[in-house]
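Colleague: One structure is given below, represented as structure tokens, and several questions about it will come after.
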Amino acid sequence: MLADSKDTYLEALNPAQRRAVEHGVGPHGTIGAPLLVIAGAGSGKTNTLAHRVAHLIVSGADPRRILLMTFSRRAAAEMTKRVERIARRVLGDNAGVMTDALTWSGTFHGIGARLLREYSERIGLDPAFTIHDREDSADLINLVRHDLGFSKTESRFPTKGTCLSIYSRCVNSETPIEGVLGTFYPWCSGWASELKRLFAAYVDAKQQQNVLDYDDLLLYWAQMVTDAALADEIGGRFDHVMVDEYQDTNRLQSSILLALKPGGSGLTVVGDDAQSIYSFRAATVRNILDFPDQFTPRAEIITLDRNYRSTEPILSAANGVIALAKERFTKNLWTERTSSRKPQLAAVRDEADQARYIVEQVLANREEGALLKHQAVLFRTSSHSGPLEIELTRRNIPFVKFGGLKFLDAAHVKDMLALLRFVENPRDRVAGFRILHLLPGVGPSSAQRVLDRMAETADPIAALCTLPSPPRAGEDWKGFVRAIENLRYSEWPADIERARLWYEPHLDRIHEDAEVRRADLVQLEQIASGYPSRERFLTELTLDPPDATSDQAGPPLLDEDYLILSTIHSAKGQEWKSVFVLNVVDGCMPSDLGAGTSAELEEERRLLYVAMTRAKDDLHLILPQRFFVHGQSAKGDRHMYASRTRFIPERLVPLFERTVWPIARPATTGPAGRAAPVDIRAKMRGMWR
């Protein structure tokens, strides 16, 4: 029985949203021409995309033949829930059955991992591969770097982190190493031939150990669809392919998408070129700017420009900033939310006054009923918030800072996952080294010998069980071997409890705050229970880790309310009632390091735009006249005198209200304009008279 009519459930959409939802959709889920949805900040992008998926299903499209790719697994899960809620209004109780079949919903990397396992035999890949996160990949590249002798060169060879970053950018941007070095790592240009050798050896090491790194999930997928037959087969599995946040994709992801749907049939991408701010991850704004002309006829463009978040004065100022961009899709956000309050351009003397200004405004907002957590302070770089953090601590104002470690980066969690990964794939040397180093008396040389012996045999775990104990390992070695042998054959998820019981004595020995960290391991067990197998758990947790607990500052335990501090990059997609943006001055925004090329400057402009469009009711751009620069150039640490950011030229200033803080107060002055001294001793004497 139908719960609602098709027309009724679309009535909540505005005209542009409805055009996007209904594009190319006819009876039986007709497959339409390619579509680009330019979704401005706060324009209901997620709601529109969820309605489009639901509308396809309601119109007869097979949900098993819909591929939906987002940039986090949580976003994909939330999208699926929204689709079910929308579809239920038309399909009633049948909606759950239909949306349960929406099984191809996830991240680019997650979908890639799934397809690689499915097609592994046809592309020469062992389906039992494990996946390294960034830290593990850096450790492996460091082992290779050391084996090649590059760690002992006369002049300093790039660090493991730099090497991995160069490798990753080459892969994701599909750019030769010489181009990457010349543009992004000019100080490494002299090492091009050595880096090529390193990367070739790194690839060999990964293949020998049957591991893939994060970039391989896209690279192998992209290579797989260069085979025309495979590309047709995989692309033919999906009638509709939808991509969210398309402005954040890199060249490799674009190549995959165009290989799956070269004609664009059934392809929908959603994004906003004005919010493309992740070039440091090799994302390129060119993907979304060039998308319409990839197809013949040209892809249709539908613009969502009605904003449901911010007031009209805030949008006017944000529109003014982004209108000066050199290249963009024309879009001016508008809203029905009127207000007489313009965004503030607040001039302060220095960073100390900047911190005091924010605290005064935040507390005033709180007195008027605004929770601290409904207010946020945003900054270009994490280090910019230092003086503010000190002032907040001094004033006993709780805060949370976003942009720190992930759950997988916590040492004790990595230890547990390394143990599980080593059992899953005993040829994984990075996991093996990490676990062996936990054992007292086992150093790098002993660990190397153990792993070498294991690598020589067809059954590495059987070989481990027959190896003699390293001289100083004693009973710990025997317990380790028993644990590996038991975990090899135990059932999931019971084996994660066995792993924890083996690891806990080492946790107590290594970490002073073992009890706090033990809570993380219990949380890890709870997370694991939601996965059908160890392989799925290790894969998906690596690709989309939850936030850290004990190794990352989280919500204060004793405070239910707290101020939000965040980098602008981490704030994308969020919104708050009041937003304060630090250091809106040249040298910080744009940063000294981000003002080299026209493309870099344009991304810095988009960063400011993203920061401004996070505010719902109240926006403060703060301009310290003097600020401290920490090592951003050859001049090292220094104080700088600043001018208002070039992204707000004089002609845009009328869109703001200018404030000078602190506001001067009448005072009795002495010589040279200084306040007259106060005779404290006379006051003290007067207390007793």
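Chain labels A, B, ... are given in the sequence in which chains occur in the structure tokens; within each chain residues are numbered consecutively from 1, and ligands are likewise numbered from 1 in the order shown.
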Please provide the set of residues having any atom within 12 Å of Arg453 of chain A, restricted to only C-alpha atoms, with same-chain residues fewer than 2 positions apart removed, written as a ChimeraX atom specification.
Modeller: /A:426-427,429,446-451,455-468
Colleague: Tell me, as a CSV table (one decimal) with C-alpha atoms, in the first residue's frame, which residues lie within 8 Å of Tyr503 of chain A, counting only C-alpha atoms; anything in the same chain fewer than 4 positions away does not count.
Modeller:
chain,number,residue,atom,x,y,z
A,416,MET,CA,46.1,-4.3,18.3
A,499,ALA,CA,44.1,-10.5,20.9
A,507,LEU,CA,49.9,-2.2,27.4
Colleague: Which one is closest to Val321 of chain A: A:Ile31, A:Leu67, A:Leu623, A:Leu607? Count only C-alpha atoms.
Modeller: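 Residue with the minimum atom-to-atom distance to Val321 of chain A: A:Leu607.
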Colleague: Contacts of Ile568 of chain A at 8 Å or less, counting only C-alpha atoms, minus same-chain residues fewer than 5 places along, as a PDB file with C-alpha atoms, in the first residue's frame?
Modeller:
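part_1.pdb, freshly written:
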ATOM      1  CA  LEU A 378      38.141  28.861  12.575  1.00  0.00           C
ATOM      2  CA  PHE A 379      41.734  29.290  11.419  1.00  0.00           C
ATOM      3  CA  ARG A 380      43.872  28.697   8.348  1.00  0.00           C
ATOM      4  CA  LEU A 607      39.177  28.891   1.951  1.00  0.00           C
ATOM      5  CA  VAL A 610      34.212  28.352   3.059  1.00  0.00           C
ATOM      6  CA  ALA A 611      34.961  29.868   6.472  1.00  0.00           C
TER       7      ALA A 611
END
Colleague: Report as a tab-separated table the residues of segment 515-621 of chain A within 12 Å of segment 217-222 of chain A, each with its shortest atom pair and distance in Å (one decimal), using only C-alpha atoms, ordered by chain and increasing residue number.
Modeller:
residue	atom	partner	partner_atom	distance
A:Thr539	CA	A:Leu217	CA	10.9
A:Thr542	CA	A:Leu217	CA	11.9
A:Leu543	CA	A:Leu217	CA	9.9
Colleague: Those same residues, written as a PDB file, in the first residue's frame with N, CA, C and O atoms?
Modeller:
ATOM      1  N   THR A 539      39.776  -3.861   6.719  1.00  0.00           N
ATOM      2  CA  THR A 539      39.676  -3.033   5.511  1.00  0.00           C
ATOM      3  C   THR A 539      38.921  -1.745   5.787  1.00  0.00           C
ATOM      4  O   THR A 539      39.416  -0.642   5.525  1.00  0.00           O
ATOM      5  N   THR A 542      40.451   0.774   8.353  1.00  0.00           N
ATOM      6  CA  THR A 542      41.592   1.494   7.791  1.00  0.00           C
ATOM      7  C   THR A 542      41.127   2.604   6.863  1.00  0.00           C
ATOM      8  O   THR A 542      41.689   3.707   6.865  1.00  0.00           O
ATOM      9  N   LEU A 543      40.078   2.335   6.081  1.00  0.00           N
ATOM     10  CA  LEU A 543      39.631   3.312   5.098  1.00  0.00           C
ATOM     11  C   LEU A 543      38.840   4.450   5.717  1.00  0.00           C
ATOM     12  O   LEU A 543      38.836   5.565   5.194  1.00  0.00           O
TER      13      LEU A 543
END
Colleague: Considering only C-alpha atoms, give me a table of residues in segment 152-184 of chain A that are at most 7 Å from segment 236-259 of chain A, with the closest atom pair and distance in Å for each, as a Markdown table.
Modeller:
| residue | atom | partner | partner_atom | distance |
| --- | --- | --- | --- | --- |
| A:Asn172 | CA | A:Leu252 | CA | 5.2 |
| A:Ser173 | CA | A:Arg251 | CA | 5.1 |
| A:Glu174 | CA | A:Arg251 | CA | 6.4 |
Colleague: Do you know which residues are at most 9 Å from segment 34-49 of chain A counting only C-alpha atoms, after dropping those on the same chain fewer than 3 positions away, and could you put them as a VMD selection string?
Modeller: chain A and resid 13 17 to 18 20 to 21 23 to 24 52 to 54 79 82 to 83 242 244 263 to 275 288 291 to 292 295 298 to 310 329 331 to 333 573 575 610 613 to 614
Colleague: How would you write, as a list in words, the set of residues in segment 103-255 of chain A that DSSP gives as strand (DSSP E or B)?
Modeller: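 The strand (DSSP E or B) subset of segment 103-255 of chain A is Ser105, Gly106, Thr107, Thr130, Ile131, Val211, Leu212, His240, Val241, Met242, Val243 and Asn250 of chain A.
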Colleague: What's the separation between atom CA of Ala514 of chain A and atom CA of Ile527 of chain A, in Å to one decimal place?
Modeller: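 Going from atom CA of Ala514 of chain A over to atom CA of Ile527 of chain A covers 19.8 Å.
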Colleague: Between atom CA of Tyr202 of chain A and atom CA of Leu140 of chain A, what distance in Å does the model show, to one decimal?
Modeller: 7.5 Å
Colleague: Running DSSP on the backbone, which parts of segment 315-471 of chain A land in alpha helix (DSSP H), as a ChimeraX atom specification?
Modeller: /A:315-322,351-367,386-394,411-424,429-436,444-455,460-466
Colleague: For atom CA of Ile123 of chain A and atom CA of Ala229 of chain A, determine how far apart the two atoms are, in Å to one decimal place.
Modeller: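 These atoms are spaced 12.3 Å apart.
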Colleague: When you count only C-alpha atoms, which of these residues is closest to Leu345 of chain A: A:Phe656, A:Phe150, A:Tyr9, A:Trp661?
Modeller: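 Going through A:Phe656, A:Phe150, A:Tyr9, A:Trp661 one by one, the smallest distance to Leu345 of chain A is for A:Phe656.
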Colleague: With a distance cut-off of 7 Å and only C-alpha atoms, select the neighbouring residues of Asp586 of chain A, excluding the residue or stretch itself and same-chain residues fewer than 3 positions from it, and output the selection as a list in words.
Modeller: Met589, Pro590, Ser591, Ala642, Ser643, Arg644, Thr645 and Arg646 of chain A
Colleague: Restricting it to N, CA, C and O atoms, dump the selection as a compact mmCIF listing (two decimals), in the first residue's frame.
Modeller:
# COMPACT_ATOMS: atom_id res chain seq x y z
N MET A 589 46.13 34.71 5.51
CA MET A 589 45.05 34.35 4.60
C MET A 589 45.02 35.38 3.46
O MET A 589 44.38 36.41 3.61
N PRO A 590 45.74 35.15 2.37
CA PRO A 590 46.47 33.92 2.06
C PRO A 590 47.73 33.79 2.91
O PRO A 590 48.31 34.79 3.32
N SER A 591 48.10 32.54 3.16
CA SER A 591 49.33 32.30 3.91
C SER A 591 50.53 32.61 3.03
O SER A 591 50.45 32.64 1.80
N ALA A 642 50.53 43.59 9.75
CA ALA A 642 49.65 43.01 8.75
C ALA A 642 48.68 44.02 8.18
O ALA A 642 48.37 45.04 8.80
N SER A 643 48.20 43.70 6.99
CA SER A 643 47.12 44.47 6.37
C SER A 643 45.97 43.52 6.08
O SER A 643 46.16 42.30 5.97
N ARG A 644 44.79 44.08 5.96
CA ARG A 644 43.60 43.27 5.68
C ARG A 644 43.84 42.38 4.46
O ARG A 644 44.51 42.76 3.50
N THR A 645 43.29 41.18 4.49
CA THR A 645 43.48 40.24 3.39
C THR A 645 43.13 40.89 2.05
O THR A 645 42.15 41.64 1.93
N ARG A 646 43.90 40.57 1.03
CA ARG A 646 43.65 41.10 -0.31
C ARG A 646 42.32 40.60 -0.88
O ARG A 646 41.83 41.13 -1.88
Colleague: Tell me which of A:Leu102, A:Leu524, A:Leu388, A:Val579 sits closest to Ile66 of chain A, counting only C-alpha atoms.
Modeller: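 The closest residue to Ile66 of chain A is A:Leu102.
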